[in-house]
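Undergrad: Just one file: protein_8.cif, with mmCIF, C-alpha atoms.
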data_target
loop_
_atom_site.group_PDB
_atom_site.id
_atom_site.type_symbol
_atom_site.label_atom_id
_atom_site.label_comp_id
_atom_site.auth_asym_id
_atom_site.auth_seq_id
_atom_site.Cartn_x
_atom_site.Cartn_y
_atom_site.Cartn_z
ATOM 1 C CA MET A 293 83.588 26.108 135.600
ATOM 2 C CA TRP A 294 85.163 22.875 134.468
ATOM 3 C CA SER A 295 87.772 24.295 132.107
ATOM 4 C CA HIS A 296 90.711 26.151 133.643
ATOM 5 C CA GLN A 297 94.189 26.102 132.148
ATOM 6 C CA HIS A 298 95.850 25.748 135.554
ATOM 7 C CA TRP A 299 93.883 22.547 136.159
ATOM 8 C CA GLN A 300 95.482 20.897 133.127
ATOM 9 C CA ASP A 301 98.299 19.688 135.373
ATOM 10 C CA SER A 302 96.661 19.721 138.796
ATOM 11 C CA VAL A 303 93.387 18.009 137.875
ATOM 12 C CA TYR A 304 93.244 16.634 134.354
ATOM 13 C CA GLY A 305 96.772 15.658 133.368
ATOM 14 C CA ARG A 306 98.648 16.938 130.347
ATOM 15 C CA GLU A 307 97.381 14.120 128.156
ATOM 16 C CA THR A 308 93.752 15.251 128.599
ATOM 17 C CA LYS A 309 92.423 17.174 125.628
ATOM 18 C CA GLN A 310 90.499 20.366 126.259
ATOM 19 C CA ALA A 311 87.352 18.796 124.801
ATOM 20 C CA ASP A 312 87.618 15.998 127.383
ATOM 21 C CA ARG A 313 87.900 18.199 130.470
ATOM 22 C CA LEU A 314 84.220 18.029 131.372
ATOM 23 C CA ALA A 315 84.241 14.216 131.284
ATOM 24 C CA ARG A 316 87.323 14.201 133.529
ATOM 25 C CA TYR A 317 85.732 16.743 135.867
ATOM 26 C CA ALA A 318 82.652 14.519 136.132
ATOM 27 C CA ASP A 319 84.889 11.631 137.240
ATOM 28 C CA ILE A 320 85.803 13.685 140.310
ATOM 29 C CA PHE A 321 82.808 15.859 141.168
ATOM 30 C CA ASN A 322 79.079 15.336 140.697
ATOM 31 C CA THR A 323 77.935 18.902 140.001
ATOM 32 C CA VAL A 324 79.192 22.058 138.326
ATOM 33 C CA GLU A 325 78.067 25.654 138.167
ATOM 34 C CA GLY A 326 77.653 26.345 134.456
ATOM 35 C CA ASN A 327 78.277 30.071 134.236
ATOM 36 C CA THR A 328 78.625 30.354 130.454
ATOM 37 C CA SER A 329 74.858 30.277 129.914
ATOM 38 C CA PHE A 330 74.620 33.633 131.694
ATOM 39 C CA TYR A 331 76.582 35.306 128.911
ATOM 40 C CA ALA A 332 75.249 33.369 125.915
ATOM 41 C CA THR A 333 72.977 30.421 125.257
ATOM 42 C CA PRO A 334 75.149 27.527 124.052
ATOM 43 C CA SER A 335 74.612 25.906 120.691
ATOM 44 C CA GLN A 336 72.460 22.795 120.396
ATOM 45 C CA GLN A 337 75.557 20.725 119.551
ATOM 46 C CA THR A 338 77.405 22.012 122.611
ATOM 47 C CA VAL A 339 74.483 21.006 124.824
ATOM 48 C CA LEU A 340 74.503 17.518 123.306
ATOM 49 C CA ASN A 341 78.260 17.277 123.860
ATOM 50 C CA TRP A 342 77.845 18.229 127.523
ATOM 51 C CA HIS A 343 75.169 15.594 127.909
ATOM 52 C CA SER A 344 77.291 12.832 126.389
ATOM 53 C CA ALA A 345 80.348 13.805 128.474
ATOM 54 C CA THR A 346 78.652 13.291 131.841
ATOM 55 C CA PRO A 347 77.134 10.281 133.647
ATOM 56 C CA GLU A 348 73.436 10.070 134.425
ATOM 57 C CA ASN A 349 73.895 11.053 138.086
ATOM 58 C CA PHE A 350 75.842 14.225 137.235
ATOM 59 C CA ARG A 351 74.018 17.506 137.856
ATOM 60 C CA PHE A 352 74.599 20.839 136.154
ATOM 61 C CA THR A 353 73.361 24.139 137.558
ATOM 62 C CA PHE A 354 72.865 26.732 134.808
ATOM 63 C CA LYS A 355 72.249 30.455 135.136
ATOM 64 C CA LEU A 356 69.467 31.920 133.052
ATOM 65 C CA PRO A 357 70.832 34.324 130.406
ATOM 66 C CA GLN A 358 71.572 37.879 131.452
ATOM 67 C CA THR A 359 69.277 39.101 128.672
ATOM 68 C CA ILE A 360 66.423 37.752 130.808
ATOM 69 C CA THR A 361 67.640 38.582 134.316
ATOM 70 C CA HIS A 362 69.608 41.797 133.850
ATOM 71 C CA GLN A 363 68.647 43.435 130.565
ATOM 72 C CA LYS A 364 64.915 42.721 130.623
ATOM 73 C CA GLN A 365 64.798 42.194 134.400
ATOM 74 C CA LEU A 366 62.291 39.337 134.036
ATOM 75 C CA LEU A 367 59.816 41.472 132.022
ATOM 76 C CA LEU A 368 58.512 40.712 128.529
ATOM 77 C CA CYS A 369 61.020 37.926 128.069
ATOM 78 C CA GLY A 370 58.763 35.021 127.141
ATOM 79 C CA GLN A 371 60.426 34.476 123.770
ATOM 80 C CA GLU A 372 63.934 34.512 125.249
ATOM 81 C CA LEU A 373 62.825 32.104 127.967
ATOM 82 C CA ASN A 374 61.310 29.698 125.437
ATOM 83 C CA ASP A 375 64.379 29.867 123.200
ATOM 84 C CA PHE A 376 66.732 29.150 126.102
ATOM 85 C CA PHE A 377 64.881 26.118 127.409
ATOM 86 C CA ARG A 378 64.335 24.776 123.902
ATOM 87 C CA VAL A 379 68.108 24.636 123.385
ATOM 88 C CA MET A 380 68.747 23.286 126.899
ATOM 89 C CA THR A 381 66.100 20.545 126.678
ATOM 90 C CA PRO A 382 68.608 17.646 126.366
ATOM 91 C CA LEU A 383 70.131 18.664 129.725
ATOM 92 C CA ILE A 384 66.927 19.196 131.694
ATOM 93 C CA GLU A 385 67.150 15.791 133.386
ATOM 94 C CA LYS A 386 70.793 16.472 134.311
ATOM 95 C CA THR A 387 70.238 19.973 135.690
ATOM 96 C CA GLY A 388 69.771 20.141 139.442
ATOM 97 C CA VAL A 389 69.039 23.864 139.792
ATOM 98 C CA TRP A 390 68.250 26.562 137.236
ATOM 99 C CA LYS A 391 69.696 29.769 138.670
ATOM 100 C CA ILE A 392 68.015 33.164 138.472
ATOM 101 C CA GLN A 393 70.731 35.656 139.420
ATOM 102 C CA LEU A 394 69.246 39.110 139.872
ATOM 103 C CA PRO A 395 71.123 42.433 139.704
ATOM 104 C CA ALA A 396 71.790 44.471 142.828
ATOM 105 C CA HIS A 397 69.192 47.080 141.870
ATOM 106 C CA PHE A 398 66.395 44.476 141.717
ATOM 107 C CA GLY A 399 64.711 45.425 144.975
ATOM 108 C CA PRO A 400 61.619 44.820 147.118
ATOM 109 C CA GLU A 401 59.298 46.820 144.845
ATOM 110 C CA GLN A 402 60.012 44.293 142.077
ATOM 111 C CA LEU A 403 58.967 41.211 144.038
ATOM 112 C CA PRO A 404 55.633 41.099 142.124
ATOM 113 C CA VAL A 405 57.690 40.857 138.925
ATOM 114 C CA LEU A 406 59.630 37.920 140.365
ATOM 115 C CA LYS A 407 56.386 36.255 141.440
ATOM 116 C CA GLN A 408 54.935 36.606 137.952
ATOM 117 C CA PHE A 409 58.167 35.336 136.390
ATOM 118 C CA LEU A 410 58.211 32.222 138.594
ATOM 119 C CA ALA A 411 54.730 31.445 137.305
ATOM 120 C CA GLN A 412 55.960 31.911 133.734
ATOM 121 C CA VAL A 413 59.046 29.642 133.760
ATOM 122 C CA PRO A 414 58.657 25.953 132.800
ATOM 123 C CA GLN A 415 57.007 24.240 135.739
ATOM 124 C CA GLY A 416 58.233 21.041 137.362
ATOM 125 C CA LEU A 417 61.878 22.169 137.318
ATOM 126 C CA ASN A 418 64.037 23.172 140.266
ATOM 127 C CA TYR A 419 64.954 26.870 140.520
ATOM 128 C CA GLY A 420 67.197 28.995 142.683
ATOM 129 C CA VAL A 421 67.143 32.772 143.094
ATOM 130 C CA GLU A 422 70.176 34.866 143.994
ATOM 131 C CA VAL A 423 69.438 38.405 145.182
ATOM 132 C CA ARG A 424 71.931 41.160 145.905
ATOM 133 C CA HIS A 425 69.804 44.147 146.957
ATOM 134 C CA PRO A 426 70.692 45.217 150.543
ATOM 135 C CA ALA A 427 67.031 45.222 151.628
ATOM 136 C CA PHE A 428 66.882 41.463 151.146
ATOM 137 C CA PHE A 429 69.580 41.039 153.801
ATOM 138 C CA ALA A 430 68.253 43.505 156.397
ATOM 139 C CA LYS A 431 66.015 40.977 158.194
ATOM 140 C CA GLY A 432 63.050 43.294 157.697
ATOM 141 C CA GLU A 433 59.750 42.995 155.859
ATOM 142 C CA ALA A 434 61.420 42.980 152.419
ATOM 143 C CA GLU A 435 63.484 39.921 153.278
ATOM 144 C CA ARG A 436 60.544 38.190 154.925
ATOM 145 C CA ALA A 437 58.423 38.828 151.828
ATOM 146 C CA LEU A 438 61.145 37.395 149.592
ATOM 147 C CA ASN A 439 61.499 34.295 151.744
ATOM 148 C CA ARG A 440 57.736 33.767 151.883
ATOM 149 C CA LEU A 441 57.529 33.983 148.099
ATOM 150 C CA LEU A 442 60.361 31.470 147.615
ATOM 151 C CA ILE A 443 58.918 29.066 150.186
ATOM 152 C CA ASP A 444 55.481 29.315 148.595
ATOM 153 C CA LYS A 445 56.914 28.624 145.120
ATOM 154 C CA LYS A 446 59.329 25.948 146.427
ATOM 155 C CA VAL A 447 62.259 27.902 145.014
ATOM 156 C CA ASN A 448 65.701 27.787 146.609
ATOM 157 C CA ARG A 449 67.403 30.917 147.892
ATOM 158 C CA ILE A 450 71.024 30.942 146.717
ATOM 159 C CA ILE A 451 73.399 31.822 149.550
ATOM 160 C CA MET A 452 76.598 33.730 148.865
ATOM 161 C CA ASP A 453 79.357 33.406 151.479
ATOM 162 C CA SER A 454 82.005 35.930 150.481
ATOM 163 C CA ARG A 455 83.403 36.417 154.009
ATOM 164 C CA PRO A 456 86.706 34.617 153.289
ATOM 165 C CA LEU A 457 87.311 36.781 150.230
ATOM 166 C CA PHE A 458 86.635 40.105 151.941
ATOM 167 C CA ALA A 459 88.721 39.117 154.962
ATOM 168 C CA LEU A 460 91.755 39.519 152.703
ATOM 169 C CA PRO A 461 93.370 42.860 151.902
ATOM 170 C CA PRO A 462 93.475 43.738 148.174
ATOM 171 C CA SER A 463 97.009 42.381 147.875
ATOM 172 C CA ASN A 464 97.057 41.079 144.299
ATOM 173 C CA ALA A 465 95.234 41.567 140.996
ATOM 174 C CA ALA A 466 92.951 38.529 141.384
ATOM 175 C CA ILE A 467 91.756 39.572 144.848
ATOM 176 C CA ILE A 468 91.272 43.195 143.756
ATOM 177 C CA ASP A 469 89.176 42.035 140.797
ATOM 178 C CA ALA A 470 87.124 39.687 142.984
ATOM 179 C CA HIS A 471 86.500 42.478 145.512
ATOM 180 C CA LYS A 472 85.005 44.535 142.676
ATOM 181 C CA LYS A 473 82.835 41.780 141.191
ATOM 182 C CA LYS A 474 81.629 39.671 144.122
ATOM 183 C CA PRO A 475 78.857 40.975 146.392
ATOM 184 C CA ARG A 476 79.650 41.671 150.020
ATOM 185 C CA VAL A 477 76.396 40.611 151.635
ATOM 186 C CA PRO A 478 75.529 38.965 154.964
ATOM 187 C CA VAL A 479 75.257 35.190 155.085
ATOM 188 C CA HIS A 480 71.661 34.170 155.758
ATOM 189 C CA ALA A 481 71.647 30.380 155.772
ATOM 190 C CA ILE A 482 67.980 29.754 155.104
ATOM 191 C CA ALA A 483 66.535 26.830 153.185
ATOM 192 C CA THR A 484 63.421 27.906 151.293
ATOM 193 C CA ALA A 485 63.191 24.641 149.315
ATOM 194 C CA ASN A 486 64.815 21.215 149.097
ATOM 195 C CA ASN A 487 68.129 22.217 147.509
ATOM 196 C CA PRO A 488 69.856 25.065 149.346
ATOM 197 C CA VAL A 489 72.676 26.422 147.187
ATOM 198 C CA VAL A 490 75.833 27.746 148.856
ATOM 199 C CA ARG A 491 78.466 29.647 146.887
ATOM 200 C CA PHE A 492 81.565 29.766 149.098
ATOM 201 C CA ILE A 493 84.033 32.403 147.856
ATOM 202 C CA GLY A 494 87.218 31.168 149.468
ATOM 203 C CA GLN A 495 90.723 32.532 149.656
ATOM 204 C CA PRO A 496 93.761 31.289 147.762
ATOM 205 C CA ASP A 497 95.026 28.622 150.135
ATOM 206 C CA ASP A 498 98.367 30.334 150.688
ATOM 207 C CA ALA A 499 96.923 33.820 151.206
ATOM 208 C CA VAL A 500 97.157 33.914 155.009
ATOM 209 C CA ALA A 501 100.648 32.387 154.967
ATOM 210 C CA GLN A 502 101.812 35.030 152.495
ATOM 211 C CA LEU A 503 100.442 37.796 154.698
ATOM 212 C CA ALA A 504 102.339 36.333 157.657
ATOM 213 C CA GLN A 505 105.551 36.334 155.622
ATOM 214 C CA GLN A 506 104.915 39.983 154.824
ATOM 215 C CA GLY A 507 104.815 40.748 158.539
ATOM 216 C CA VAL A 508 101.066 41.361 158.805
ATOM 217 C CA SER A 509 100.242 40.968 162.482
ATOM 218 C CA ALA A 510 96.426 40.914 162.451
ATOM 219 C CA LEU A 511 95.964 37.898 160.198
ATOM 220 C CA PRO A 512 92.479 37.017 158.888
ATOM 221 C CA LYS A 513 90.870 33.646 159.411
ATOM 222 C CA ASP A 514 91.582 31.049 156.753
ATOM 223 C CA ASN A 515 89.128 29.052 154.630
ATOM 224 C CA ASP A 516 88.753 26.256 157.169
ATOM 225 C CA ALA A 517 87.801 28.682 159.930
ATOM 226 C CA PHE A 518 85.135 30.302 157.760
ATOM 227 C CA PHE A 519 83.825 26.865 156.815
ATOM 228 C CA ASP A 520 83.197 25.905 160.455
ATOM 229 C CA ASN A 521 79.690 27.399 160.412
ATOM 230 C CA TRP A 522 78.828 25.277 157.379
ATOM 231 C CA LEU A 523 80.030 22.187 159.213
ATOM 232 C CA ALA A 524 77.163 22.890 161.612
ATOM 233 C CA GLN A 525 74.526 23.949 159.058
ATOM 234 C CA LEU A 526 74.993 21.416 156.248
ATOM 235 C CA PRO A 527 74.413 18.382 158.514
ATOM 236 C CA LEU A 528 71.142 19.935 159.695
ATOM 237 C CA TRP A 529 69.904 20.238 156.121
ATOM 238 C CA LEU A 530 71.011 16.695 155.324
ATOM 239 C CA ALA A 531 69.238 15.372 158.416
ATOM 240 C CA GLU A 532 66.055 17.094 157.201
ATOM 241 C CA GLY A 533 66.295 15.174 153.939
ATOM 242 C CA ARG A 534 67.414 18.165 151.898
ATOM 243 C CA GLU A 535 70.091 17.906 149.188
ATOM 244 C CA PRO A 536 72.275 21.033 149.366
ATOM 245 C CA TYR A 537 74.564 22.150 146.557
ATOM 246 C CA LEU A 538 77.967 23.530 147.538
ATOM 247 C CA PHE A 539 80.210 25.389 145.091
ATOM 248 C CA ILE A 540 83.722 26.539 145.950
ATOM 249 C CA HIS A 541 85.303 29.544 144.275
ATOM 250 C CA THR A 542 88.551 31.438 144.867
ATOM 251 C CA PRO A 543 89.703 34.727 143.288
ATOM 252 C CA ASP A 544 91.781 32.949 140.642
ATOM 253 C CA ASN A 545 90.120 29.498 141.002
ATOM 254 C CA GLU A 546 93.510 27.817 140.567
ATOM 255 C CA ALA A 547 93.266 25.687 143.716
ATOM 256 C CA ALA A 548 89.475 25.613 143.939
ATOM 257 C CA PRO A 549 89.265 21.832 143.228
ATOM 258 C CA GLU A 550 91.676 20.982 146.033
ATOM 259 C CA LEU A 551 89.861 23.328 148.408
ATOM 260 C CA ALA A 552 86.497 21.797 147.474
ATOM 261 C CA ILE A 553 87.756 18.306 148.233
ATOM 262 C CA ARG A 554 89.316 19.336 151.548
ATOM 263 C CA LEU A 555 86.144 21.056 152.756
ATOM 264 C CA TYR A 556 84.066 18.081 151.616
ATOM 265 C CA GLN A 557 86.282 15.750 153.599
ATOM 266 C CA LYS A 558 85.894 17.914 156.688
ATOM 267 C CA LEU A 559 82.117 17.686 156.251
ATOM 268 C CA ARG A 560 82.278 13.923 155.763
ATOM 269 C CA GLU A 561 84.318 13.478 158.947
ATOM 270 C CA GLN A 562 81.963 15.786 160.852
ATOM 271 C CA ILE A 563 78.864 13.703 160.118
ATOM 272 C CA ALA A 564 80.380 10.228 159.726
ATOM 273 C CA ALA A 565 78.528 8.929 162.786
ATOM 274 C CA HIS A 566 75.132 9.906 161.355
ATOM 275 C CA ILE A 567 75.354 10.144 157.555
ATOM 276 C CA ASP A 568 77.659 8.145 155.300
ATOM 277 C CA LEU A 569 78.839 10.383 152.475
ATOM 278 C CA PRO A 570 80.986 8.849 149.713
ATOM 279 C CA LYS A 571 84.721 8.841 150.349
ATOM 280 C CA LEU A 572 86.982 10.868 148.090
ATOM 281 C CA SER A 573 90.658 10.414 147.420
ATOM 282 C CA LEU A 574 92.906 13.434 147.645
ATOM 283 C CA LEU A 575 94.199 15.080 144.527
ATOM 284 C CA GLU A 576 97.626 13.530 144.339
ATOM 285 C CA LYS A 577 100.353 14.030 141.812
ATOM 286 C CA LYS A 578 102.837 11.168 141.568
ATOM 287 C CA PRO A 579 106.433 12.152 140.792
ATOM 288 C CA GLU A 580 106.418 10.303 137.472
ATOM 289 C CA GLU A 581 103.145 11.701 136.150
ATOM 290 C CA THR A 582 100.914 14.749 136.143
ATOM 291 C CA SER A 583 97.490 13.096 136.039
ATOM 292 C CA THR A 584 95.243 13.243 139.047
ATOM 293 C CA GLN A 585 94.327 10.066 140.919
ATOM 294 C CA MET A 586 90.813 10.215 142.298
ATOM 295 C CA GLY A 587 88.332 7.854 143.899
ATOM 296 C CA LEU A 588 84.565 8.211 143.985
ATOM 297 C CA SER A 589 82.718 11.262 142.805
ATOM 298 C CA TRP A 590 80.628 13.319 145.219
#
Can you present the structure in this file as structure tokens?
TA:
Amino acid sequence: MWSHQHWQDSVYGRETKQADRLARYADIFNTVEGNTSFYATPSQQTVLNWHSATPENFRFTFKLPQTITHQKQLLLCGQELNDFFRVMTPLIEKTGVWKIQLPAHFGPEQLPVLKQFLAQVPQGLNYGVEVRHPAFFAKGEAERALNRLLIDKKVNRIIMDSRPLFALPPSNAAIIDAHKKKPRVPVHAIATANNPVVRFIGQPDDAVAQLAQQGVSALPKDNDAFFDNWLAQLPLWLAEGREPYLFIHTPDNEAAPELAIRLYQKLREQIAAHIDLPKLSLLEKKPEETSTQMGLSW
């Protein structure tokens, strides 16, 4: 997302109008996970507004509509597919990955359907597939078949890392809701194409500290500890010439921007001797103002 009421003070500044939030977001970050397209195809004017609000090097990632992926489960959806991409045409050059998020019941027996669908979508674009069926995480023939298909089609496998979220007890409404909605699947960090996509479902930054104050003795690891594995994996992908996409979520997303910047800085420091990533300024709030002072975008 790029529009969150809590970010009005922490990211955008009170003087920023709601219609200008995307442009402000694009001053800080260089990609966003556009989730709204999953629920409804935006209007043509909205697509044009998104295009004009972002610089040429900004990259969206849009989910295909749920009518295609969940209701029709990739079958007999040619008209819906054509209608969606017709509306989204102005943003094709600014979209890094088109995401195909499949329901948890989409299993190994439906891989031929996925194969046929990948031949049906507009060619020459970059796609990512997110699966949630347990068989695709069991390291057996079903997962190998999925990975072979994605490698053959040069389609990215979207990786969900929900370990930080599920390390927390269901201690507040946001965490309880996230436990219900987010999949609890193993992390298989495989790159099947040039743009591995990682969705890191982090904790609220103060979650572990709050548990300590409550007298919880067996405290879970915090976000930084869970990110350590990615500090090893992401540099390997970069060294191979791949361009990974990393998206940071939290149960309420209130401090997700700050967490994203901190984890990015840890990555930058980790690989500074080998790869020079752009430097970012911290989100800082001066006493006399509420606007965010930022440096380069990602």
Undergrad: Do you know which residues are at most 10 Å from Pro527 of chain A counting only C-alpha atoms, after dropping those on the same chain fewer than 3 positions away, and could you put them as a PyMOL selection string?
TA: chain A and resi 522-524+530-534+536+559-560+562-563+566-567
Undergrad: Starting from the shown file, work through the PyMOL selection byres ((chain A and resi 359-370) around 9) and note down what comes out as a PyMOL selection string.
TA: chain A and resi 330-332+356-358+371-375+392-395+398+405-406+408-409+412-413
Undergrad: Select all residues near (64.9, 45.0, 144.6) (cut-off 12 Å, inclusive, file coordinates), counting only C-alpha atoms, and output them as a VMD selection string.
TA: chain A and resid 365 394 to 406 422 to 429 434 to 435 437 to 438
Undergrad: Determine, counting all atoms listed in the file, which protein, DNA and RNA residues have an atom within 9 Å of an atom of segment 336-342 of chain A; residues of the same chain fewer than 4 positions away are not included. Present the result as a count of residues only.
TA: 8
Undergrad: Tell me, as a ChimeraX atom specification, which residues lie within 8 Å of Thr542 of chain A, counting only C-alpha atoms; anything in the same chain fewer than 3 positions away does not count.
TA: /A:457,493-496,545-548
Undergrad: Which value, in Å to one decimal, gives the distance between atom CA of Leu538 of chain A and atom CA of Arg491 of chain A?
TA: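 The value is 6.2 Å.
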Undergrad: Take atom CA of Gly420 of chain A and atom CA of Glu550 of chain A and report the distance between them in Å, one decimal.
TA: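 So the two atoms, atom CA of Gly420 of chain A and atom CA of Glu550 of chain A, lie 26.0 Å apart.
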Undergrad: Assuming 5 Å of padding per side, give the centre and edge lengths of the axis-aligned box around every listed atom of segment 483-491 of chain A, in Å to one decimal and as AutoDock Vina command-line options.
TA:
--center_x 70.8 --center_y 25.4 --center_z 150.0 --size_x 25.3 --size_y 18.4 --size_z 16.3
Undergrad: Interatomic distance between atom CA of Lys474 of chain A and atom CA of Val303 of chain A?
TA: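 So the two atoms, atom CA of Lys474 of chain A and atom CA of Val303 of chain A, lie 25.4 Å apart.
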Undergrad: Find the residue from A:Tyr304, A:Phe352, A:Phe492, A:Trp294 that sits nearest to Met452 of chain A; use all atoms listed in the file when measuring.
TA: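 Closest candidate: A:Phe492.
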Undergrad: Using only C-alpha atoms, give me every residue within 9 Å of (66.0, 27.8, 136.7) in file coordinates, as a list in words.
TA: Thr353, Phe354, Lys355, Leu356, Thr387, Gly388, Val389, Trp390, Lys391, Ile392, Val413, Pro414, Leu417, Asn418, Tyr419, Gly420 and Val421 of chain A
Undergrad: Run the PyMOL selection byres ((chain A and resi 549) around 12) against the file shown and list the residues it catches, as a ChimeraX atom specification.
TA: /A:293-296,298-300,302-304,317,320-321,324,494,496-497,539-542,544-548,550-556,574-576,584,586
